[in-house]
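For reference, upload.cif (mmCIF, C-alpha atoms):
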data_target
#
loop_
_atom_site.label_atom_id
_atom_site.label_comp_id
_atom_site.auth_asym_id
_atom_site.auth_seq_id
_atom_site.Cartn_x
_atom_site.Cartn_y
_atom_site.Cartn_z
CA MET A 1 0.00 0.00 0.00
CA ARG A 2 2.98 2.30 0.54
CA ASP A 3 3.58 2.39 -3.22
CA LEU A 4 0.13 3.90 -3.79
CA GLY A 5 1.17 6.94 -1.76
CA VAL A 6 4.56 7.12 -3.44
CA GLY A 7 2.96 7.10 -6.88
CA PHE A 8 0.53 9.86 -5.89
CA ARG A 9 3.42 11.87 -4.43
CA HIS A 10 5.25 11.75 -7.77
CA LEU A 11 2.09 13.01 -9.48
CA LEU A 12 1.97 16.01 -7.14
CA GLU A 13 5.73 16.60 -7.44
CA GLY A 14 5.40 16.81 -11.22
CA GLN A 15 2.72 19.47 -10.94
CA ARG A 16 4.81 21.43 -8.45
CA TRP A 17 7.83 21.24 -10.75
CA MET A 18 5.81 22.76 -13.58
CA ALA A 19 4.46 25.47 -11.26
CA ARG A 20 8.09 26.58 -10.71
CA HIS A 21 8.82 26.64 -14.45
CA GLY A 22 6.11 28.83 -15.95
CA ARG A 23 7.67 29.29 -19.39
CA GLN A 24 7.80 25.55 -20.12
CA TYR A 25 4.27 25.22 -18.79
CA GLY A 26 2.91 27.75 -21.29
CA PHE A 27 4.39 25.90 -24.26
CA GLY A 28 3.18 22.60 -22.85
CA LEU A 29 -0.46 23.67 -23.03
CA LEU A 30 -0.52 23.95 -26.84
CA PRO A 31 -0.45 20.20 -27.78
CA GLY A 32 -3.17 19.47 -25.23
CA LEU A 33 -5.41 22.24 -26.56
CA ILE A 34 -5.12 20.93 -30.12
CA THR A 35 -5.94 17.39 -29.01
CA LEU A 36 -8.81 18.57 -26.81
CA VAL A 37 -10.57 20.23 -29.74
CA LEU A 38 -10.35 17.02 -31.77
CA TYR A 39 -11.70 14.83 -28.97
CA ALA A 40 -14.44 17.26 -28.02
CA ALA A 41 -15.74 17.15 -31.59
CA ALA A 42 -15.67 13.33 -31.57
CA LEU A 43 -17.51 13.04 -28.23
CA ILE A 44 -20.13 15.59 -29.27
CA ALA A 45 -20.75 13.56 -32.43
CA LEU A 46 -21.07 10.41 -30.32
CA ALA A 47 -23.56 12.12 -28.00
CA LEU A 48 -25.65 13.37 -30.92
CA TRP A 49 -25.69 10.22 -33.04
CA GLY A 50 -24.88 7.48 -30.54
CA GLU A 51 -28.56 6.60 -30.11
CA ASP A 52 -28.99 6.27 -33.88
CA ALA A 53 -25.98 3.96 -34.01
CA VAL A 54 -27.41 1.77 -31.23
CA THR A 55 -30.80 1.63 -32.98
CA TRP A 56 -29.11 0.56 -36.21
CA ALA A 57 -27.08 -2.11 -34.39
CA THR A 58 -30.09 -3.61 -32.56
CA PRO A 59 -32.79 -4.30 -35.18
CA PHE A 60 -33.97 -7.29 -33.16
CA ALA A 61 -35.39 -4.84 -30.58
CA ASP A 62 -37.59 -2.96 -33.08
CA HIS A 63 -40.72 -4.86 -32.07
CA TRP A 64 -40.14 -4.93 -28.33
CA SER A 65 -42.91 -3.44 -26.23
CA SER A 66 -42.53 -0.28 -24.19
CA PRO A 67 -40.70 0.46 -21.92
CA TRP A 68 -38.23 -2.39 -22.55
CA GLN A 69 -37.07 -1.15 -25.93
CA GLY A 70 -36.30 2.34 -24.64
CA LEU A 71 -34.60 1.06 -21.50
CA PHE A 72 -32.47 -1.44 -23.42
CA ARG A 73 -31.34 1.00 -26.09
CA GLY A 74 -30.91 3.81 -23.59
CA PHE A 75 -28.62 1.61 -21.51
CA LEU A 76 -26.57 0.63 -24.57
CA THR A 77 -26.29 4.28 -25.63
CA ALA A 78 -25.00 5.23 -22.16
CA VAL A 79 -22.50 2.35 -22.18
CA LEU A 80 -21.35 3.30 -25.69
CA PHE A 81 -20.70 6.88 -24.61
CA ALA A 82 -18.91 5.67 -21.45
CA LEU A 83 -16.71 3.41 -23.60
CA GLY A 84 -15.96 6.33 -25.93
CA LEU A 85 -15.05 8.46 -22.93
CA LEU A 86 -12.78 5.72 -21.59
CA LEU A 87 -11.00 5.38 -24.93
CA ALA A 88 -10.71 9.18 -25.14
CA VAL A 89 -8.96 9.25 -21.76
CA LEU A 90 -6.66 6.39 -22.76
CA THR A 91 -5.74 7.83 -26.16
CA PHE A 92 -5.70 11.53 -25.24
CA THR A 93 -2.27 11.17 -23.67
CA ALA A 94 -0.84 9.22 -26.61
CA LEU A 95 -2.03 11.72 -29.21
CA THR A 96 -0.99 14.74 -27.12
CA LEU A 97 2.47 13.26 -26.58
CA LEU A 98 2.78 12.59 -30.30
CA VAL A 99 1.72 16.14 -31.20
CA GLY A 100 4.05 17.65 -28.59
CA GLN A 101 6.88 15.10 -28.86
CA PRO A 102 9.80 17.60 -29.19
CA PHE A 103 8.59 19.71 -26.27
CA TYR A 104 7.81 16.83 -23.91
CA GLU A 105 11.13 15.19 -24.73
CA ASN A 106 12.93 18.38 -23.77
CA LEU A 107 10.75 18.82 -20.68
CA SER A 108 11.51 15.31 -19.47
CA GLU A 109 15.26 15.93 -19.96
CA GLN A 110 15.06 19.12 -17.90
CA VAL A 111 13.30 17.32 -15.05
CA ASP A 112 15.91 14.54 -15.15
CA ALA A 113 18.78 17.02 -15.09
CA ASP A 114 17.14 19.06 -12.32
CA VAL A 115 16.83 16.12 -9.90
CA SER A 116 19.95 14.20 -10.97
CA PRO A 117 22.84 14.34 -8.45
CA ASP A 118 25.33 15.21 -11.22
CA GLY A 119 22.97 17.51 -13.13
CA THR A 120 22.91 15.37 -16.27
CA ALA A 121 20.10 13.52 -18.03
CA PRO A 122 19.99 10.46 -20.31
CA ARG A 123 19.64 11.50 -23.95
CA SER A 124 18.38 9.63 -26.96
CA GLN A 125 20.84 9.23 -29.82
CA LEU A 126 18.07 8.69 -32.37
CA PRO A 127 16.97 11.34 -34.90
CA LEU A 128 13.61 13.03 -34.30
CA TRP A 129 11.83 11.19 -37.14
CA ARG A 130 12.92 7.87 -35.68
CA GLU A 131 11.69 8.83 -32.20
CA LEU A 132 8.34 9.92 -33.65
CA TRP A 133 8.00 6.62 -35.51
CA ILE A 134 8.80 4.54 -32.42
CA SER A 135 6.44 6.62 -30.29
CA ALA A 136 3.57 6.27 -32.79
CA ARG A 137 4.18 2.53 -33.23
CA ASP A 138 4.33 1.84 -29.49
CA SER A 139 1.30 4.03 -28.81
CA LEU A 140 -0.69 2.03 -31.35
CA ARG A 141 0.34 -1.22 -29.68
CA VAL A 142 -0.68 0.12 -26.27
CA LEU A 143 -3.95 1.38 -27.73
CA VAL A 144 -4.76 -2.10 -29.04
CA ARG A 145 -4.18 -3.54 -25.57
CA ALA A 146 -6.29 -0.81 -23.99
CA ALA A 147 -9.06 -1.35 -26.56
CA LEU A 148 -9.15 -5.07 -25.76
CA TRP A 149 -9.56 -4.22 -22.10
CA GLY A 150 -12.26 -1.70 -23.04
CA VAL A 151 -14.21 -4.31 -25.01
CA LEU A 152 -13.92 -6.78 -22.12
CA LEU A 153 -15.13 -4.22 -19.60
CA PHE A 154 -17.91 -3.21 -21.97
CA ALA A 155 -19.13 -6.81 -22.07
CA LEU A 156 -18.83 -7.21 -18.30
CA GLY A 157 -20.90 -4.06 -17.88
CA PHE A 158 -23.98 -6.11 -18.78
CA LEU A 159 -23.61 -8.27 -15.66
CA PRO A 160 -26.19 -7.35 -12.99
CA LEU A 161 -24.77 -5.44 -10.00
CA VAL A 162 -21.13 -6.28 -10.84
CA GLY A 163 -21.33 -4.30 -14.09
CA GLN A 164 -22.41 -1.17 -12.22
CA THR A 165 -20.03 -1.44 -9.24
CA VAL A 166 -16.91 -3.55 -9.70
CA VAL A 167 -16.37 -3.02 -13.43
CA PRO A 168 -16.10 0.81 -13.26
CA VAL A 169 -13.49 0.51 -10.50
CA ILE A 170 -11.47 -1.97 -12.57
CA GLY A 171 -11.82 0.41 -15.50
CA PHE A 172 -10.19 3.25 -13.56
CA PHE A 173 -7.22 1.07 -12.58
CA VAL A 174 -6.81 -0.14 -16.18
CA THR A 175 -6.98 3.46 -17.37
CA GLY A 176 -4.40 4.48 -14.77
CA PHE A 177 -1.98 1.76 -15.83
CA PHE A 178 -2.05 2.55 -19.56
CA LEU A 179 -2.07 6.29 -18.90
CA THR A 180 1.09 5.94 -16.82
CA GLU A 181 2.72 3.79 -19.50
CA GLU A 182 2.17 6.46 -22.14
CA LEU A 183 3.54 9.21 -19.91
CA ALA A 184 6.53 7.25 -18.61
CA ALA A 185 7.35 6.17 -22.18
CA VAL A 186 8.86 9.63 -22.82
CA ALA A 187 11.60 9.11 -20.20
CA LEU A 188 11.93 5.35 -20.70
CA GLN A 189 12.23 5.57 -24.49
CA ARG A 190 14.96 8.16 -24.03
CA ARG A 191 16.80 5.55 -21.97
CA GLY A 192 16.39 2.97 -24.72
CA VAL A 193 13.82 0.82 -22.87
CA GLU A 194 11.62 -1.03 -25.39
CA LEU A 195 7.85 -1.40 -25.05
CA ARG A 196 7.85 -4.99 -23.78
CA ALA A 197 10.45 -4.14 -21.14
CA ARG A 198 8.48 -1.00 -20.19
CA LEU A 199 5.31 -2.99 -19.60
CA ALA A 200 7.19 -5.59 -17.55
CA LEU A 201 8.77 -2.81 -15.48
CA LEU A 202 5.40 -1.19 -14.79
CA ARG A 203 3.78 -4.52 -13.91
CA SER A 204 6.55 -5.20 -11.38
CA ARG A 205 5.19 -2.33 -9.24
CA LYS A 206 1.53 -2.05 -10.19
CA THR A 207 0.46 -0.32 -6.98
CA LEU A 208 3.03 2.43 -7.60
CA VAL A 209 1.68 2.83 -11.14
CA TRP A 210 -1.93 2.86 -9.93
CA GLY A 211 -1.11 5.47 -7.29
CA PHE A 212 0.14 7.74 -10.06
CA GLY A 213 -2.23 6.89 -12.91
CA ALA A 214 -5.63 6.21 -11.31
CA PRO A 215 -6.04 9.69 -9.72
CA LEU A 216 -4.75 11.27 -12.93
CA GLY A 217 -7.25 9.27 -14.98
CA LEU A 218 -10.07 10.47 -12.73
CA ALA A 219 -8.89 14.06 -13.09
CA PHE A 220 -8.70 13.69 -16.88
CA LEU A 221 -12.44 12.90 -16.94
CA VAL A 222 -13.16 16.51 -15.95
CA PRO A 223 -13.43 18.71 -19.06
CA PHE A 224 -10.31 20.78 -19.83
CA VAL A 225 -8.42 19.49 -16.77
CA ALA A 226 -6.29 17.14 -18.88
CA VAL A 227 -4.91 20.07 -20.88
CA PHE A 228 -3.68 21.89 -17.77
CA LEU A 229 -2.32 18.80 -15.99
CA MET A 230 -0.55 17.27 -18.99
CA PRO A 231 2.83 19.08 -18.69
CA GLY A 232 3.03 18.31 -14.98
CA ALA A 233 1.99 14.71 -15.64
CA VAL A 234 4.99 14.28 -17.97
CA ALA A 235 7.26 15.78 -15.30
CA GLY A 236 5.79 13.49 -12.65
CA ALA A 237 6.13 10.44 -14.90
CA THR A 238 9.83 11.26 -15.31
CA LEU A 239 10.22 11.22 -11.53
CA LEU A 240 8.25 7.97 -11.45
CA THR A 241 10.64 6.50 -14.02
CA ARG A 242 13.60 7.27 -11.80
CA GLU A 243 11.79 5.53 -8.94
CA LEU A 244 11.10 2.44 -11.06
CA LEU A 245 14.71 2.21 -12.23
CA GLY A 246 16.17 2.92 -8.79
CA GLU A 247 18.01 6.05 -9.97
CA GLU A 248 19.22 8.43 -7.29
CA ARG A 249 17.87 11.95 -6.91
CA ALA A 250 19.72 15.00 -5.68
CA ASP A 251 17.31 15.55 -2.79
CA ASP A 252 17.78 11.92 -1.70
CA CYS A 253 21.54 12.44 -1.59
CA GLU A 254 21.09 15.66 0.40
CA SER A 255 18.84 13.84 2.86
CA ASP A 256 21.46 11.10 3.27
CA VAL A 257 24.18 13.68 3.92
CA ALA A 258 22.01 15.53 6.45
CA ARG A 259 21.12 12.25 8.17
CA THR A 260 24.79 11.23 8.39
CA ALA A 261 25.76 14.63 9.78
CA SER A 262 23.00 14.44 12.37
CA GLN A 263 24.10 10.98 13.45
CA SER A 264 27.70 12.18 13.73
CA ARG A 265 26.67 15.07 16.03
CA THR A 266 24.57 12.84 18.29
CA ALA A 267 27.10 9.97 18.45
CA PRO A 268 28.86 9.62 21.82
CA GLN A 269 32.38 11.00 21.84
#
Please go through the file and, once you have read it, give me the structure as structure tokens.
Amino acid sequence: MRDLGVGFRHLLEGQRWMARHGRQYGFGLLPGLITLVLYAAALIALALWGEDAVTWATPFADHWSSPWQGLFRGFLTAVLFALGLLLAVLTFTALTLLVGQPFYENLSEQVDADVSPDGTAPRSQLPLWRELWISARDSLRVLVRAALWGVLLFALGFLPLVGQTVVPVIGFFVTGFFLTEELAAVALQRRGVELRARLALLRSRKTLVWGFGAPLGLAFLVPFVAVFLMPGAVAGATLLTRELLGEERADDCESDVARTASQSRTAPQ
């Protein structure tokens, strides 16, 4: 359970880091704003024509008596919109990171250098086009995995009681995991960690990942919040990456020095 708190602490630390670096924060808003407009249009279209799509997909219910037809199709329309919202949360990060790849790469490097004991940060030796290709390819692979989970949760949503209680909770944890993967991929890809190794690394400390990603996923459900939290989320995911890889931080070293000095002063002469 301790890892849940540690993950949440990294999320808050990332937001605080961005609050101290206003110039980078301003540039970081632009990719999120572009992506938000695209997703808002898609969700509005789903809200307007989702019922028509459900009616078209369920011709067997055309002759059902009232109120069962309306209840059945209304439930499916609500579930369809919820699934669309879930996929929007899962893919918003991937698309925003792709749109703002150069900025977020630089941002992650600055965070690494800022907290590193020697003031340096790992750097990718790949050209930008290669990084963009790898990022897009890996994001698509993660999206396929997330979509499979979405379909499974969609099907489980039909189960009485469980579908309205347990399944949404599982959905938030699934969202948190994949959301964290996309954000941490910026720092991990810069270190040359491939997708399969990234997923294995995240699974090795799932509670840490959930502590970071689940609250962020909940926050991303609030309109416009994702845009403003995105730069800080990248910064926090960089700190989370250092935690996962066991890399030292400057403040940890300072704490060790202070602790040693304190012990030296209190030791009997």
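Nearest to Val209 (chain A) of all the residues A:Ala235, A:Leu4, A:Ala78, A:Leu148 is A:Leu4, based on all atoms listed in the file.
What the PyMOL selection byres ((chain A and resi 21) around 12) picks from this file is Gly14, Gln15, Arg16, Trp17, Met18, Ala19, Arg20, Gly22, Arg23, Gln24, Tyr25, Gly26, Phe27, Gly28, Leu107, Gln110, Val111, Asp114, Pro231, Gly232 and Ala235 of chain A.
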I would like the residues chosen by the PyMOL selection byres ((chain A and resi 119) around 12) on the shown file; could you give them as an MDAnalysis selection string?
-> chainID A and resid 109:118 120:122 248:251
Work out how far apart CA of Leu244 (chain A) and CA of Gly150 (chain A) are and give it in Å to one decimal.
->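 Value for the CA of Leu244 (chain A)-CA of Gly150 (chain A) distance: 26.6 Å.
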Minimum-distance residue to Gln125 (chain A), chosen among A:Gln189, A:Ser108, A:Phe81, A:Val174 (using only C-alpha atoms) | A:Gln189
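Separating CA of Arg2 (chain A) from CA of Glu243 (chain A) is a distance of 13.3 Å.
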Care to translate the PyMOL selection byres ((chain A and resi 94) around 12) into actual residues of this file, as a compact mmCIF listing (two decimals) with C-alpha atoms, in the coordinates of the input?
# COMPACT_ATOMS: atom_id res chain seq x y z
CA PRO A 31 -0.45 20.20 -27.78
CA GLY A 32 -3.17 19.47 -25.23
CA THR A 35 -5.94 17.39 -29.01
CA LEU A 87 -11.00 5.38 -24.93
CA ALA A 88 -10.71 9.18 -25.14
CA VAL A 89 -8.96 9.25 -21.76
CA LEU A 90 -6.66 6.39 -22.76
CA THR A 91 -5.74 7.83 -26.16
CA PHE A 92 -5.70 11.53 -25.24
CA THR A 93 -2.27 11.17 -23.67
CA LEU A 95 -2.03 11.72 -29.21
CA THR A 96 -0.99 14.74 -27.12
CA LEU A 97 2.47 13.26 -26.58
CA LEU A 98 2.78 12.59 -30.30
CA VAL A 99 1.72 16.14 -31.20
CA GLY A 100 4.05 17.65 -28.59
CA GLN A 101 6.88 15.10 -28.86
CA TYR A 104 7.81 16.83 -23.91
CA LEU A 132 8.34 9.92 -33.65
CA SER A 135 6.44 6.62 -30.29
CA ALA A 136 3.57 6.27 -32.79
CA ARG A 137 4.18 2.53 -33.23
CA ASP A 138 4.33 1.84 -29.49
CA SER A 139 1.30 4.03 -28.81
CA LEU A 140 -0.69 2.03 -31.35
CA ARG A 141 0.34 -1.22 -29.68
CA VAL A 142 -0.68 0.12 -26.27
CA LEU A 143 -3.95 1.38 -27.73
CA ALA A 146 -6.29 -0.81 -23.99
CA PHE A 178 -2.05 2.55 -19.56
CA LEU A 179 -2.07 6.29 -18.90
CA THR A 180 1.09 5.94 -16.82
CA GLU A 181 2.72 3.79 -19.50
CA GLU A 182 2.17 6.46 -22.14
CA LEU A 183 3.54 9.21 -19.91
CA ALA A 184 6.53 7.25 -18.61
CA ALA A 185 7.35 6.17 -22.18
CA VAL A 186 8.86 9.63 -22.82
CA MET A 230 -0.55 17.27 -18.99
CA VAL A 234 4.99 14.28 -17.97
Distance criterion (only C-alpha atoms): nearest to Lys206 (chain A) out of A:Leu85, A:Ala219, A:Gly192, A:Gly176 =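 Among A:Leu85, A:Ala219, A:Gly192, A:Gly176, it is A:Gly176 that comes nearest to Lys206 (chain A).
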Fewer than 6 positions away in the same chain doesn't count, so skip those; otherwise give me all residues within 12 Å of Glu51 (chain A), counting only C-alpha atoms, as a PyMOL selection string.
-> chain A and resi 45+57-58+70-81
When you draw a straight line from CA of Gly157 (chain A) to CA of Gly217 (chain A), how long is it in Å?
->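 CA of Gly217 (chain A) lies at a distance of 19.3 Å from CA of Gly157 (chain A).
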Excluding same-chain residues fewer than 5 positions from Phe220 (chain A), what lies within 9 Å of it counting only C-alpha atoms, as a list in words?
->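 My list of contacting residues is Val89, Pro215, Val225, Ala226, Val227 and Leu229 of chain A.
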